[in-house]
Structure formats: C-alpha cells, structure tokens
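S.K.: Handing you this structure, nothing more for now.
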Amino acid sequence: MSQTSALLVIDMQNSTVAIAHRAAETVSVIAGLRERALAAGVPVVTVQDQGGEGMEPGSDGWQVVAELAPAGDGLVVRKTSPDSFLGTGLDAILKALGATEVVVTGFATEMCVDTTARQALSHGYDVVLVANGHTTSVRPESESESESESEFGAYAPADRSIAHHNEIFRNIRFPGRRVRVLPAAEVEFSPAL
C-alpha cells in the first residue's frame, strides 16, 4: 500500500537544543531529512512548543533553530503539551495534506516525540521514528545511580533513553498501523500523488 508522508519536526527550538544531547548531530540529521523531504515534495510540519519557562512566544528560546526554521509559508503547529495533536490543528493539517504516514523527529525523546508518535497512531497514521533524528536532554552517563537521581530524577542517561525508545517502537504493535524505526539514511519520502 502506498504511503503519503509528512515530516514532523518537534520542538527543535533554541531553548531545547541548548540542553539537547548530541544537539549539533541531531539538528544536522533533521536538516538533511527536511531538505530531502522538500525536494521530494513532501510537506514538513514544524511543531513549536509555547509552554513553560523560556518558551514564551516571541522569545529567543521559543524560536526554532535557524537550520530548521520554516520558510515564510512553512507549516507550523503551536502546542502547549507533549502531545502535538492535543488542542492543535495538526490532525486537520495532515488530513488536508492527504498524509497517511508521519516521519517523526525532534526533542524530547521520552516526552514530546514519544507522545506525538503514539498519538499519531491513535489518529490513524503510520509512523516512522527516525532512529538518529530525535534526542533528549543532556544527562550524566557514568555517575552512580544515587548521584544521577538526586540531580536528574530517575531518567535514564540520554543514549540509553534514545536506544530504549527506538527499541520500544521497533516492537510496538498497533492494529492496522505500520510502525518503523529507521536511520535517516533509510527514510524514503512518499509525496502525495
């Protein structure tokens, strides 16, 4: 069955990228995907968080990083929760575009990326999670568990969190939906016919 793709770029804003694990690498991967998507005629939807400290609309921290900023007529969805569908026009935009599959990238792996990918499934879309196209906040990788928990709660180190979520999505089953986890180099974009 043929897919019609849309690329989602979630919360790649100055405030989040400033605290992101592998920030430059992730921005570069997403920028490459974005370029390929646009060249193939596949829409790119930029999701922009506007909730919380440092993410006030119009502030520097709220701005999408320069490498991923949408063009003047780019599709932008603004959200206030980890779910990019909740209280936004994302579902209506994707339906109007004829999208049947979302290619998911962005920040933060275990919050906004995970929540949005799962909600995409619930809204009837197939999902491609870009294995090297999502990230989370920087965390200590080698501290003892008690030291790590005192400052960072019980979050897993960033690399483990990313690997964990990739594995979850490799094994998640959702009736009538196709879920894939692919490195950016293996993502093939399918534009609307």
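Residues in the structure tokens are named by chain (A, B, ... in the order shown) and by number from 1 within that chain; ligands are numbered from 1 in the order shown.
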Name the residues of chain A that fall into helix (DSSP H, G or I) according to DSSP on the backbone, using the chain letters and numbers of this document, as a count of residues only.
M.R.: 71
S.K.: Can you tell me how far atom CA of Glu101 of chain A sits from atom CA of Arg170 of chain A, in Å to one decimal?
M.R.: 15.9 Å
S.K.: In Å to one decimal, how far is atom CA of Leu86 of chain A from atom CA of Ala156 of chain A?
M.R.: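 If I compute the distance from atom CA of Ala156 of chain A to atom CA of Leu86 of chain A, I get 26.5 Å.
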S.K.: Using only C-alpha atoms for the distances, tell me which of A:Ala108, A:Val76, A:Met55, A:Leu90 is nearest to Ala120 of chain A.
M.R.: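 Checking each candidate against Ala120 of chain A, we get A:Leu90 as the closest.
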S.K.: Applying 7 Å and only C-alpha atoms, which residues near segment 35-51 of chain A remain after dropping the ones on its own chain fewer than 5 positions away? List them as a count of residues only.
M.R.: 21
